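**Student:** Structure file structure-v5.cif (mmCIF, C-alpha atoms and all ligand atoms) is given on the next line.
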data_target
loop_
_atom_site.label_atom_id
_atom_site.label_comp_id
_atom_site.auth_asym_id
_atom_site.auth_seq_id
_atom_site.Cartn_x
_atom_site.Cartn_y
_atom_site.Cartn_z
CA MET A 1 7.34 26.94 -5.32
CA ARG A 2 10.89 25.99 -4.30
CA ASN A 3 12.83 23.61 -6.47
CA SER A 4 16.09 21.99 -5.52
CA ALA A 5 17.85 19.31 -7.48
CA LEU A 6 20.24 17.40 -5.31
CA PRO A 7 22.62 14.68 -6.46
CA HIS A 8 22.64 11.45 -4.46
CA THR A 9 26.10 12.43 -3.22
CA HIS A 10 24.88 15.50 -1.31
CA SER A 11 26.35 16.26 2.07
CA ASP A 12 23.48 15.01 4.22
CA VAL A 13 25.21 11.67 4.88
CA PRO A 14 23.99 9.12 7.42
CA ALA A 15 25.57 9.16 10.87
CA ARG A 16 26.38 5.46 10.64
CA ALA A 17 26.64 2.92 7.87
CA SER A 18 23.12 1.95 6.97
CA THR A 19 21.61 -0.84 4.93
CA THR A 20 20.41 0.29 1.53
CA TRP A 21 16.65 0.55 1.12
CA HIS A 22 15.78 -1.09 -2.20
CA VAL A 23 12.35 0.22 -3.18
CA LEU A 24 10.48 -2.09 -5.56
CA GLY A 25 7.78 -0.14 -7.41
CA ALA A 26 8.35 3.56 -8.06
CA GLY A 27 4.66 4.52 -7.87
CA SER A 28 2.94 6.82 -5.38
CA MET A 29 3.96 5.04 -2.17
CA GLY A 30 7.37 3.99 -3.49
CA MET A 31 8.26 7.58 -4.40
CA LEU A 32 6.81 8.92 -1.13
CA TRP A 33 9.01 6.60 0.91
CA ALA A 34 12.12 6.79 -1.30
CA THR A 35 12.24 10.59 -1.33
CA ARG A 36 11.78 10.91 2.43
CA LEU A 37 14.45 8.28 3.15
CA ALA A 38 16.82 10.03 0.71
CA ARG A 39 16.04 13.41 2.31
CA ALA A 40 17.21 11.95 5.65
CA GLY A 41 20.52 11.00 4.01
CA LEU A 42 19.78 7.28 3.97
CA PRO A 43 20.95 5.07 1.10
CA VAL A 44 18.05 4.31 -1.27
CA LYS A 45 17.80 2.60 -4.64
CA LEU A 46 14.74 2.26 -6.83
CA ILE A 47 13.96 -0.89 -8.74
CA VAL A 48 11.93 -0.01 -11.83
CA ARG A 49 10.17 -2.45 -14.16
CA ASN A 50 12.57 -2.62 -17.10
CA CYS A 51 15.22 -0.86 -19.20
CA GLU A 52 12.63 1.37 -20.86
CA ARG A 53 11.41 2.69 -17.49
CA LEU A 54 15.02 3.09 -16.35
CA GLN A 55 15.80 5.22 -19.40
CA ALA A 56 12.68 7.31 -18.77
CA TYR A 57 13.71 7.79 -15.14
CA LYS A 58 17.25 8.81 -16.10
CA ALA A 59 15.82 11.35 -18.56
CA ALA A 60 13.69 12.82 -15.74
CA ARG A 61 16.84 13.04 -13.57
CA GLY A 62 15.17 12.11 -10.32
CA LEU A 63 11.97 11.87 -8.31
CA THR A 64 9.99 14.96 -7.37
CA LEU A 65 8.21 15.08 -4.01
CA ILE A 66 5.48 17.73 -3.83
CA GLU A 67 4.35 18.68 -0.35
CA GLY A 68 2.02 21.68 -0.19
CA GLU A 69 3.83 24.54 -1.93
CA GLU A 70 7.20 22.81 -1.73
CA SER A 71 8.66 20.74 -4.51
CA GLN A 72 11.98 18.94 -4.20
CA LYS A 73 13.78 16.71 -6.66
CA TRP A 74 15.86 13.77 -5.48
CA ASN A 75 18.28 12.06 -7.81
CA ILE A 76 17.97 8.60 -6.30
CA ARG A 77 19.84 5.77 -8.00
CA ALA A 78 17.72 3.32 -9.95
CA GLN A 79 18.18 -0.14 -11.39
CA ILE A 80 16.23 -2.92 -13.07
CA PRO A 81 15.18 -6.20 -11.37
CA GLU A 82 17.87 -8.10 -13.31
CA ASN A 83 20.69 -6.09 -11.67
CA GLY A 84 22.87 -8.57 -9.76
CA GLU A 85 23.41 -6.45 -6.62
CA PRO A 86 22.40 -8.23 -3.37
CA ILE A 87 19.36 -6.87 -1.51
CA GLN A 88 19.26 -6.84 2.29
CA ARG A 89 16.26 -4.56 2.86
CA LEU A 90 13.43 -4.52 0.37
CA LEU A 91 10.43 -2.19 0.51
CA VAL A 92 7.69 -3.51 -1.78
CA THR A 93 5.43 -0.71 -3.00
CA CYS A 94 3.71 -2.37 -5.96
CA LYS A 95 -0.04 -2.87 -6.05
CA ALA A 96 -1.25 -6.02 -4.24
CA TYR A 97 -1.83 -7.81 -7.57
CA ASP A 98 1.77 -7.17 -8.72
CA ALA A 99 3.65 -7.83 -5.47
CA GLN A 100 4.24 -11.58 -5.75
CA GLN A 101 5.48 -11.49 -9.33
CA ALA A 102 7.66 -8.44 -8.66
CA VAL A 103 9.32 -10.11 -5.65
CA ALA A 104 9.79 -13.35 -7.64
CA GLN A 105 11.84 -11.33 -10.14
CA ILE A 106 14.36 -10.25 -7.51
CA ALA A 107 14.12 -13.22 -5.09
CA ALA A 108 17.54 -14.58 -6.08
CA ARG A 109 19.11 -11.26 -5.06
CA LEU A 110 17.88 -11.41 -1.44
CA THR A 111 20.61 -12.09 1.12
CA PRO A 112 19.89 -14.83 3.74
CA ASP A 113 19.39 -12.14 6.42
CA ALA A 114 17.21 -9.93 4.20
CA GLU A 115 14.00 -8.30 5.36
CA ILE A 116 11.02 -7.45 3.17
CA ILE A 117 8.59 -4.70 4.12
CA LEU A 118 5.22 -5.06 2.40
CA LEU A 119 3.13 -1.91 2.03
CA GLN A 120 0.15 -3.41 0.18
CA ASN A 121 -3.43 -2.68 1.09
CA GLY A 122 -5.80 -5.55 1.93
CA LEU A 123 -4.71 -9.10 2.66
CA GLY A 124 -3.50 -12.04 0.61
CA SER A 125 -0.60 -10.52 -1.30
CA GLN A 126 1.57 -10.40 1.84
CA GLN A 127 1.00 -14.10 2.50
CA ALA A 128 1.72 -14.89 -1.15
CA VAL A 129 5.07 -13.09 -0.96
CA ALA A 130 5.94 -14.74 2.37
CA ALA A 131 5.20 -18.17 0.88
CA LEU A 132 7.41 -17.37 -2.10
CA VAL A 133 10.44 -16.60 0.12
CA PRO A 134 9.77 -18.67 3.29
CA HIS A 135 13.34 -18.22 4.55
CA ILE A 136 13.10 -14.40 4.47
CA ARG A 137 11.56 -12.24 7.20
CA CYS A 138 8.50 -10.38 5.95
CA ILE A 139 7.18 -7.33 7.76
CA PHE A 140 3.63 -6.23 6.95
CA ALA A 141 2.62 -2.57 6.98
CA SER A 142 -0.67 -0.71 7.04
CA SER A 143 -0.66 2.97 6.18
CA THR A 144 -3.18 5.78 6.31
CA GLU A 145 -0.89 8.15 4.38
CA GLY A 146 -2.19 9.41 1.06
CA ALA A 147 -0.21 10.07 -2.11
CA PHE A 148 -0.82 10.26 -5.84
CA ARG A 149 1.21 10.75 -8.99
CA ASP A 150 0.68 14.03 -10.83
CA GLY A 151 3.09 13.02 -13.58
CA ASP A 152 5.81 10.52 -14.35
CA TRP A 153 8.31 10.34 -11.46
CA ARG A 154 6.34 12.95 -9.49
CA VAL A 155 4.43 12.29 -6.28
CA VAL A 156 2.08 14.54 -4.33
CA PHE A 157 1.99 13.89 -0.57
CA ALA A 158 -1.77 14.43 -0.29
CA GLY A 159 -2.58 13.27 3.21
CA ARG A 160 -0.52 12.94 6.35
CA GLY A 161 -1.13 9.69 8.15
CA HIS A 162 0.35 6.92 10.18
CA THR A 163 2.00 3.63 9.30
CA TRP A 164 1.81 0.51 11.45
CA LEU A 165 4.43 -2.15 10.93
CA GLY A 166 4.58 -5.61 12.39
CA ASP A 167 5.66 -9.20 12.06
CA ALA A 168 2.76 -11.62 11.55
CA ASP A 169 5.01 -14.36 13.00
CA GLN A 170 5.42 -12.41 16.26
CA GLY A 171 9.07 -11.65 15.51
CA THR A 172 11.07 -9.04 17.37
CA ILE A 173 10.76 -5.33 16.66
CA ALA A 174 12.57 -4.17 13.50
CA GLN A 175 15.99 -2.64 14.12
CA TRP A 176 15.62 0.20 11.61
CA LEU A 177 12.59 2.07 12.98
CA ASP A 178 14.88 4.95 13.95
CA GLU A 179 15.52 5.45 10.23
CA LEU A 180 11.79 6.02 9.69
CA GLN A 181 11.88 8.47 12.60
CA ARG A 182 14.77 10.36 10.97
CA SER A 183 12.86 10.37 7.69
CA GLY A 184 9.74 11.92 9.24
CA ILE A 185 7.67 8.81 8.49
CA ASP A 186 5.11 8.69 11.27
CA HIS A 187 5.03 5.07 12.40
CA GLU A 188 4.55 2.56 15.18
CA TRP A 189 5.44 -1.10 15.70
CA SER A 190 2.26 -3.14 15.95
CA PRO A 191 2.34 -6.41 17.89
CA ASN A 192 -0.83 -7.48 16.06
CA ILE A 193 -0.44 -6.24 12.52
CA LEU A 194 -2.91 -8.80 11.13
CA SER A 195 -5.65 -7.30 13.30
CA ARG A 196 -4.82 -3.83 11.86
CA LEU A 197 -4.89 -5.15 8.30
CA TRP A 198 -8.18 -7.01 8.87
CA ARG A 199 -9.76 -3.89 10.40
CA LYS A 200 -8.71 -1.74 7.45
CA LEU A 201 -9.94 -4.42 5.06
CA ALA A 202 -13.33 -4.51 6.81
CA LEU A 203 -13.66 -0.71 6.65
CA ASN A 204 -12.80 -0.86 2.98
CA CYS A 205 -15.36 -3.64 2.30
CA ALA A 206 -18.12 -1.67 4.02
CA ILE A 207 -17.46 1.55 2.12
CA ASN A 208 -15.52 1.27 -1.14
CA PRO A 209 -17.58 -1.21 -3.21
CA LEU A 210 -20.83 0.67 -2.48
CA THR A 211 -19.28 3.99 -3.54
CA VAL A 212 -18.46 2.36 -6.88
CA LEU A 213 -21.92 0.82 -7.31
CA TYR A 214 -23.76 4.02 -6.34
CA ASP A 215 -21.14 6.18 -8.10
CA CYS A 216 -20.90 8.51 -5.13
CA ARG A 217 -18.52 10.17 -2.70
CA ASN A 218 -18.11 8.48 0.69
CA GLY A 219 -20.72 10.85 2.15
CA GLY A 220 -23.27 9.57 -0.38
CA LEU A 221 -23.45 6.34 1.63
CA GLN A 222 -25.37 8.19 4.37
CA ALA A 223 -28.38 7.60 2.10
CA HIS A 224 -27.69 3.84 2.23
CA SER A 225 -27.01 3.40 5.92
CA ALA A 226 -29.19 0.27 6.34
CA GLU A 227 -27.18 -1.51 3.64
CA VAL A 228 -23.89 -0.33 5.18
CA HIS A 229 -24.95 -1.58 8.62
CA THR A 230 -25.99 -4.98 7.26
CA LEU A 231 -22.51 -5.33 5.73
CA CYS A 232 -20.88 -4.23 9.00
CA ALA A 233 -22.80 -6.87 10.97
CA GLU A 234 -21.72 -9.57 8.51
CA LEU A 235 -18.11 -8.35 8.47
CA SER A 236 -18.00 -8.29 12.29
CA ALA A 237 -19.26 -11.89 12.44
CA LEU A 238 -16.70 -12.94 9.82
CA LEU A 239 -13.84 -11.24 11.73
CA GLU A 240 -14.85 -13.06 14.91
CA HIS A 241 -15.09 -16.34 13.00
CA CYS A 242 -11.57 -15.77 11.59
CA GLY A 243 -10.11 -15.27 15.08
CA GLN A 244 -9.98 -11.47 14.66
CA ALA A 245 -12.57 -10.45 17.28
CA GLY A 246 -10.48 -7.41 18.24
CA ALA A 247 -10.79 -6.04 14.70
CA ALA A 248 -14.60 -6.31 14.92
CA VAL A 249 -15.09 -4.11 17.98
CA GLY A 250 -17.18 -1.02 17.15
CA LEU A 251 -16.84 -1.58 13.39
CA ALA A 252 -20.20 -0.05 12.40
CA THR A 253 -19.54 3.04 14.56
CA GLU A 254 -16.14 3.55 12.95
CA VAL A 255 -17.53 3.04 9.45
CA ASP A 256 -20.15 5.73 10.17
CA ARG A 257 -17.43 8.03 11.50
CA VAL A 258 -15.23 7.49 8.41
CA ILE A 259 -18.17 8.12 6.07
CA ARG A 260 -18.89 11.43 7.85
CA ALA A 261 -15.23 12.48 8.18
CA THR A 262 -14.44 11.75 4.51
CA ALA A 263 -17.85 12.70 3.12
CA ASN A 264 -16.35 14.81 0.31
CA ASN A 265 -13.77 12.23 -0.78
CA TYR A 266 -14.02 9.61 -3.46
CA SER A 267 -12.82 6.21 -2.19
CA SER A 268 -9.64 4.74 -3.69
CA MET A 269 -11.70 2.04 -5.45
CA HIS A 270 -14.05 4.65 -6.90
CA GLN A 271 -11.05 6.60 -8.19
CA ASP A 272 -9.52 3.47 -9.72
CA VAL A 273 -12.76 2.62 -11.56
CA ALA A 274 -13.34 6.23 -12.65
CA HIS A 275 -9.82 6.29 -14.17
CA GLY A 276 -10.24 2.87 -15.81
CA ARG A 277 -7.56 1.36 -13.54
CA ARG A 278 -7.49 -2.15 -12.15
CA THR A 279 -8.77 -2.32 -8.55
CA GLU A 280 -7.39 -4.39 -5.67
CA ILE A 281 -10.79 -6.15 -5.23
CA SER A 282 -9.25 -9.64 -4.83
CA TYR A 283 -7.27 -8.48 -1.81
CA LEU A 284 -10.20 -6.67 -0.18
CA LEU A 285 -13.82 -7.81 -0.69
CA GLY A 286 -12.62 -10.87 -2.65
CA TYR A 287 -10.32 -11.88 0.21
CA ALA A 288 -13.15 -11.56 2.77
CA CYS A 289 -15.49 -13.68 0.62
CA GLU A 290 -12.81 -16.30 0.05
CA ALA A 291 -11.97 -16.46 3.78
CA ALA A 292 -15.68 -17.10 4.45
CA ARG A 293 -16.04 -19.67 1.65
CA SER A 294 -12.95 -21.67 2.64
CA SER A 295 -14.22 -22.01 6.22
CA GLN A 296 -17.87 -22.56 5.18
CA PHE A 297 -19.08 -19.40 6.91
CA ALA A 298 -22.14 -17.81 5.31
CA VAL A 299 -21.79 -14.15 4.22
CA PRO A 300 -24.69 -13.75 1.76
CA HIS A 301 -24.60 -9.94 1.66
CA LEU A 302 -20.86 -9.77 1.09
CA GLN A 303 -21.13 -12.45 -1.61
CA HIS A 304 -23.93 -10.52 -3.32
CA LEU A 305 -21.91 -7.30 -3.09
CA HIS A 306 -18.90 -9.10 -4.60
CA GLN A 307 -21.06 -10.38 -7.45
CA ARG A 308 -22.51 -6.92 -8.16
CA LEU A 309 -19.06 -5.33 -8.10
CA THR A 310 -17.61 -8.03 -10.35
CA GLU A 311 -20.40 -7.45 -12.91
CA HIS A 312 -19.88 -3.69 -12.68
CA LEU A 313 -16.14 -4.06 -13.39
CA GLN A 314 -16.78 -6.52 -16.24
CA GLN A 315 -19.21 -4.07 -17.87
CA ARG A 316 -16.43 -1.49 -17.83
CA GLY A 317 -13.87 -3.90 -19.25
CA LEU A 318 -11.86 -3.89 -16.01
CA PRO A 319 -10.24 -6.99 -14.46
CA CYS A 320 -12.26 -8.64 -11.68
CA ASN A 321 -9.23 -10.06 -9.91
P1 LIG A 401 1.04 2.80 -7.85
O1 LIG A 401 1.14 4.29 -7.81
O2 LIG A 401 0.25 2.17 -8.94
O3 LIG A 401 2.52 2.22 -7.84
C1 LIG A 401 2.83 0.88 -8.04
C2 LIG A 401 4.16 0.83 -8.75
O4 LIG A 401 4.62 -0.52 -8.82
C3 LIG A 401 4.10 1.33 -10.19
O5 LIG A 401 5.07 2.34 -10.36
C4 LIG A 401 4.44 0.11 -11.02
O6 LIG A 401 5.20 0.38 -12.16
C5 LIG A 401 5.31 -0.65 -10.04
N1 LIG A 401 5.49 -2.06 -10.40
C6 LIG A 401 4.54 -3.01 -10.61
N2 LIG A 401 5.12 -4.19 -10.93
C7 LIG A 401 6.45 -3.97 -10.91
C8 LIG A 401 7.59 -4.79 -11.16
N3 LIG A 401 7.44 -6.08 -11.50
N4 LIG A 401 8.82 -4.25 -11.06
C9 LIG A 401 8.98 -2.95 -10.74
N5 LIG A 401 7.96 -2.11 -10.50
C10 LIG A 401 6.70 -2.63 -10.58
O7 LIG A 401 0.42 2.26 -6.48
P2 LIG A 401 0.38 2.97 -5.05
O8 LIG A 401 -0.76 3.92 -5.01
O9 LIG A 401 1.73 3.45 -4.67
O10 LIG A 401 -0.05 1.73 -4.13
C11 LIG A 401 0.87 0.73 -3.73
C12 LIG A 401 0.20 -0.06 -2.59
O11 LIG A 401 0.08 0.81 -1.46
C13 LIG A 401 -1.22 -0.52 -2.92
O12 LIG A 401 -1.48 -1.77 -2.35
C14 LIG A 401 -2.11 0.53 -2.28
O13 LIG A 401 -3.39 0.06 -1.93
C15 LIG A 401 -1.28 0.86 -1.04
N6 LIG A 401 -1.54 2.20 -0.49
C16 LIG A 401 -1.54 3.28 -1.31
C17 LIG A 401 -1.79 4.54 -0.77
C18 LIG A 401 -1.79 5.78 -1.64
O14 LIG A 401 -2.24 6.84 -1.15
N7 LIG A 401 -1.34 5.74 -2.86
C19 LIG A 401 -2.05 4.68 0.61
C20 LIG A 401 -2.03 3.54 1.43
C21 LIG A 401 -1.77 2.30 0.86
P3 LIG A 401 4.61 1.13 -13.47
O15 LIG A 401 4.57 2.58 -13.09
O16 LIG A 401 5.63 0.82 -14.48
O17 LIG A 401 3.25 0.53 -13.72
#
Re-express the file's structure as structure tokens.

**Tutor:**
Amino acid sequence: MRNSALPHTHSDVPARASTTWHVLGAGSMGMLWATRLARAGLPVKLIVRNCERLQAYKAARGLTLIEGEESQKWNIRAQIPENGEPIQRLLVTCKAYDAQQAVAQIAARLTPDAEIILLQNGLGSQQAVAALVPHIRCIFASSTEGAFRDGDWRVVFAGRGHTWLGDADQGTIAQWLDELQRSGIDHEWSPNILSRLWRKLALNCAINPLTVLYDCRNGGLQAHSAEVHTLCAELSALLEHCGQAGAAVGLATEVDRVIRATANNYSSMHQDVAHGRRTEISYLLGYACEAARSSQFAVPHLQHLHQRLTEHLQQRGLPCN
């Protein structure tokens, strides 16, 4: 395993002056993005929760990115939310349930021309952040990359994937996509990012809660295909009702394909529950049920699934929101 500790002043400097990427939330995705941007010579700063976390980070002397057999340490600068420095480009990599409060903490630091890139799974947290800072451009992202922490300030790049970015208000293409290119972050501008996010949410609703309730790998759902297909039919109808007909096309077929292709994997929600971690249920199945309820559209199977999952989480002492 190769190890290289590089100071933030190393020679790989950007070709032109670039806006600093402030990364809010130094978890799996935050570290995965920050280290790759830093590796491309781009200016990056981490925003960690508080002084205690900042001290812990300084003691670790950087973030470690582990990719296969390679391990590289990047001494990226870090700060706390209360730091007064203006923020022009903010990448939010907190969990969906933390995003709004985390952005509220730094909102006063955003410059009038700032952009926020939101990497949260599901739906609801992006809209909450956008409502909090209505004068700031928010770009939503949906990623199929996979990463996990194997220690404090260490991230394992577990699965290559793709990231779609887009402006839900139909704004123009972001000017900094070339920086993602330089950083090796596989990406694409999506003119209909909400459709992408809804599709991913629907896939998640059809698979993840059942893997928790049946305590199985994704492939275990092949034994429950009638139940999965009932959910897919209801989800497709809901998507159409919500003006997202495009996201409903071939949903059941894709769910079946994902279940087969990831048969040996545990879903992210299953992993969260198994580790006693809070899930993002409110931004996934909870969001779908709430979208149906608020427009008086009946989704009895999704509601029942939500109720079973809520009870399951309660029994384990985990939050249901
Ligand atoms: P994570 O590892 O739990 O990281 C979240 C980070 O946010 C934590 O480091 C947490 O700090 C930090 N945070 C929370 N509130 C904060 C605040 N107020 N100020 C500063 N930092 C704060 O989560 P993740 O796996 O990276 O997931 C982030 C989002 O990406 C989720 O919505 C997830 O669904 C989505 N996503 C993840 C993956 C993946 O493979 N991991 C893939 C696709 C999408 P502490 O460490 O102090 O708690």

**Student:** Contacts of stretch 133-149 of chain A at 7 Å or less, counting only C-alpha atoms, minus same-chain residues fewer than 5 places along, as an NGL selection string?

**Tutor:** :A and (28-29 or 112-119 or 121 or 126 or 154-167 or 193 or 197)

**Student:** Could you give me the axis-aligned bounding box of ligand LIG 401 (chain A), with 4 Å of padding per side, as centre plus edge lengths in Å to one decimal, as JSON?

**Tutor:**
{"center_x": 2.8, "center_y": 0.4, "center_z": -6.5, "size_x": 20.4, "size_y": 20.9, "size_z": 23.9}

**Student:** If I take atom CA of A:Thr230 and atom CA of A:Pro300, how far is one from the other in Å, to one decimal?

**Tutor:**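 We find that atom CA of A:Thr230 and atom CA of A:Pro300 lie 10.4 Å from each other.
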
**Student:** Please, what distance in Å, to one decimal, runs between atom C2 of ligand LIG 401 (chain A) and atom CA of A:Cys94?

**Tutor:** 4.3 Å

**Student:** For atom CA of A:Arg217 and atom CA of A:Ile259, quote the distance in Å rounded to one decimal.

**Tutor:**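 Value for the atom CA of A:Arg217-atom CA of A:Ile259 distance: 9.0 Å.
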
**Student:** Find the spatial neighbours of A:Leu305, counting all atoms listed in the file, within a cut-off of 12 Å - ignore same-chain residues fewer than 2 positions away - and output them as a ChimeraX atom specification.

**Tutor:** /A:205-214,227-228,230-231,234,281,285-286,288-289,299-303,307-312

**Student:** Take the residues from that selection and put them in a file with C-alpha atoms, as an mmCIF file, in the frame of the given file.

**Tutor:**
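Contents of out.cif, freshly written:
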data_model
loop_
_atom_site.group_PDB
_atom_site.id
_atom_site.type_symbol
_atom_site.label_atom_id
_atom_site.label_comp_id
_atom_site.auth_asym_id
_atom_site.auth_seq_id
_atom_site.Cartn_x
_atom_site.Cartn_y
_atom_site.Cartn_z
ATOM 1 C CA CYS A 205 -15.360 -3.640 2.300
ATOM 2 C CA ALA A 206 -18.120 -1.670 4.020
ATOM 3 C CA ILE A 207 -17.460 1.550 2.120
ATOM 4 C CA ASN A 208 -15.520 1.270 -1.140
ATOM 5 C CA PRO A 209 -17.580 -1.210 -3.210
ATOM 6 C CA LEU A 210 -20.830 0.670 -2.480
ATOM 7 C CA THR A 211 -19.280 3.990 -3.540
ATOM 8 C CA VAL A 212 -18.460 2.360 -6.880
ATOM 9 C CA LEU A 213 -21.920 0.820 -7.310
ATOM 10 C CA TYR A 214 -23.760 4.020 -6.340
ATOM 11 C CA GLU A 227 -27.180 -1.510 3.640
ATOM 12 C CA VAL A 228 -23.890 -0.330 5.180
ATOM 13 C CA THR A 230 -25.990 -4.980 7.260
ATOM 14 C CA LEU A 231 -22.510 -5.330 5.730
ATOM 15 C CA GLU A 234 -21.720 -9.570 8.510
ATOM 16 C CA ILE A 281 -10.790 -6.150 -5.230
ATOM 17 C CA LEU A 285 -13.820 -7.810 -0.690
ATOM 18 C CA GLY A 286 -12.620 -10.870 -2.650
ATOM 19 C CA ALA A 288 -13.150 -11.560 2.770
ATOM 20 C CA CYS A 289 -15.490 -13.680 0.620
ATOM 21 C CA VAL A 299 -21.790 -14.150 4.220
ATOM 22 C CA PRO A 300 -24.690 -13.750 1.760
ATOM 23 C CA HIS A 301 -24.600 -9.940 1.660
ATOM 24 C CA LEU A 302 -20.860 -9.770 1.090
ATOM 25 C CA GLN A 303 -21.130 -12.450 -1.610
ATOM 26 C CA GLN A 307 -21.060 -10.380 -7.450
ATOM 27 C CA ARG A 308 -22.510 -6.920 -8.160
ATOM 28 C CA LEU A 309 -19.060 -5.330 -8.100
ATOM 29 C CA THR A 310 -17.610 -8.030 -10.350
ATOM 30 C CA GLU A 311 -20.400 -7.450 -12.910
ATOM 31 C CA HIS A 312 -19.880 -3.690 -12.680
#

**Student:** Tell me which of A:Arg278, A:Arg260, A:Arg53, A:His241 sits closest to A:Tyr97, counting only C-alpha atoms.

**Tutor:**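 Residue with the minimum atom-to-atom distance to A:Tyr97: A:Arg278.
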
**Student:** Restricting the calculation to only C-alpha atoms: of A:Ser71, A:Asn192, A:Gln175, A:Thr93, which residue gets closest to A:Thr19?

**Tutor:**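 Of A:Ser71, A:Asn192, A:Gln175, A:Thr93, the one nearest A:Thr19 is A:Gln175, counting only C-alpha atoms.
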
**Student:** From the options A:Ile106, A:Ile173, A:Ile66, A:Leu37, which residue's atoms come nearest to ligand LIG 401 (chain A), counting all atoms listed in the file?

**Tutor:**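 The shortest atom-to-atom distance to ligand LIG 401 (chain A) comes from A:Ile106.
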
**Student:** My list of candidates is A:Asn83, A:Gln181, A:Gln315, A:Gln100. Which is closest to ligand LIG 401 (chain A) when distances are computed with only C-alpha atoms and all ligand atoms?

**Tutor:**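 The closest residue to ligand LIG 401 (chain A) is A:Gln100.
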
**Student:** Nearest to ligand LIG 401 (chain A): which of A:Ala60, A:Ala26, A:Ala104, A:Ala174 is it, counting all atoms listed in the file?

**Tutor:**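 Of A:Ala60, A:Ala26, A:Ala104, A:Ala174, the one nearest ligand LIG 401 (chain A) is A:Ala26, counting all atoms listed in the file.
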
**Student:** If you count only C-alpha atoms, which residues fall within 12 Å of A:Ala59, apart from same-chain ones fewer than 6 positions away, as a PyMOL selection string?

**Tutor:** chain A and resi 52-53+75+78+152-153

**Student:** Got a minute to add N, CA, C and O atoms to stretch 123-134 of chain A and dump it as a PDB file, in the frame of the given file?

**Tutor:**
ATOM      1  N   LEU A 123      -5.400  -7.907   2.182  1.00  0.00           N
ATOM      2  CA  LEU A 123      -4.710  -9.100   2.660  1.00  0.00           C
ATOM      3  C   LEU A 123      -4.610 -10.098   1.507  1.00  0.00           C
ATOM      4  O   LEU A 123      -5.390 -10.061   0.561  1.00  0.00           O
ATOM      5  N   GLY A 124      -3.654 -10.989   1.622  1.00  0.00           N
ATOM      6  CA  GLY A 124      -3.500 -12.040   0.610  1.00  0.00           C
ATOM      7  C   GLY A 124      -2.182 -11.905  -0.136  1.00  0.00           C
ATOM      8  O   GLY A 124      -1.456 -12.882  -0.301  1.00  0.00           O
ATOM      9  N   SER A 125      -1.856 -10.681  -0.551  1.00  0.00           N
ATOM     10  CA  SER A 125      -0.600 -10.520  -1.300  1.00  0.00           C
ATOM     11  C   SER A 125       0.598 -10.704  -0.371  1.00  0.00           C
ATOM     12  O   SER A 125       1.618 -11.270  -0.772  1.00  0.00           O
ATOM     13  N   GLN A 126       0.466 -10.261   0.886  1.00  0.00           N
ATOM     14  CA  GLN A 126       1.570 -10.400   1.840  1.00  0.00           C
ATOM     15  C   GLN A 126       1.883 -11.870   2.073  1.00  0.00           C
ATOM     16  O   GLN A 126       3.044 -12.286   2.067  1.00  0.00           O
ATOM     17  N   GLN A 127       0.817 -12.670   2.262  1.00  0.00           N
ATOM     18  CA  GLN A 127       1.000 -14.100   2.500  1.00  0.00           C
ATOM     19  C   GLN A 127       1.588 -14.776   1.267  1.00  0.00           C
ATOM     20  O   GLN A 127       2.389 -15.704   1.386  1.00  0.00           O
ATOM     21  N   ALA A 128       1.192 -14.308   0.084  1.00  0.00           N
ATOM     22  CA  ALA A 128       1.720 -14.890  -1.150  1.00  0.00           C
ATOM     23  C   ALA A 128       3.218 -14.622  -1.266  1.00  0.00           C
ATOM     24  O   ALA A 128       3.993 -15.507  -1.644  1.00  0.00           O
ATOM     25  N   VAL A 129       3.636 -13.419  -0.913  1.00  0.00           N
ATOM     26  CA  VAL A 129       5.070 -13.090  -0.960  1.00  0.00           C
ATOM     27  C   VAL A 129       5.825 -13.913   0.085  1.00  0.00           C
ATOM     28  O   VAL A 129       6.877 -14.491  -0.201  1.00  0.00           O
ATOM     29  N   ALA A 130       5.273 -13.987   1.298  1.00  0.00           N
ATOM     30  CA  ALA A 130       5.940 -14.740   2.370  1.00  0.00           C
ATOM     31  C   ALA A 130       6.113 -16.208   1.983  1.00  0.00           C
ATOM     32  O   ALA A 130       7.145 -16.815   2.277  1.00  0.00           O
ATOM     33  N   ALA A 131       5.116 -16.767   1.292  1.00  0.00           N
ATOM     34  CA  ALA A 131       5.200 -18.170   0.880  1.00  0.00           C
ATOM     35  C   ALA A 131       6.241 -18.356  -0.219  1.00  0.00           C
ATOM     36  O   ALA A 131       6.875 -19.408  -0.326  1.00  0.00           O
ATOM     37  N   LEU A 132       6.433 -17.305  -1.001  1.00  0.00           N
ATOM     38  CA  LEU A 132       7.410 -17.370  -2.100  1.00  0.00           C
ATOM     39  C   LEU A 132       8.844 -17.403  -1.580  1.00  0.00           C
ATOM     40  O   LEU A 132       9.720 -18.037  -2.169  1.00  0.00           O
ATOM     41  N   VAL A 133       9.081 -16.684  -0.462  1.00  0.00           N
ATOM     42  CA  VAL A 133      10.440 -16.600   0.120  1.00  0.00           C
ATOM     43  C   VAL A 133      10.353 -16.981   1.603  1.00  0.00           C
ATOM     44  O   VAL A 133      10.564 -16.137   2.480  1.00  0.00           O
ATOM     45  N   PRO A 134      10.059 -18.265   1.902  1.00  0.00           N
ATOM     46  CA  PRO A 134       9.770 -18.670   3.290  1.00  0.00           C
ATOM     47  C   PRO A 134      10.932 -18.461   4.247  1.00  0.00           C
ATOM     48  O   PRO A 134      10.725 -18.363   5.458  1.00  0.00           O
TER      49      PRO A 134
END
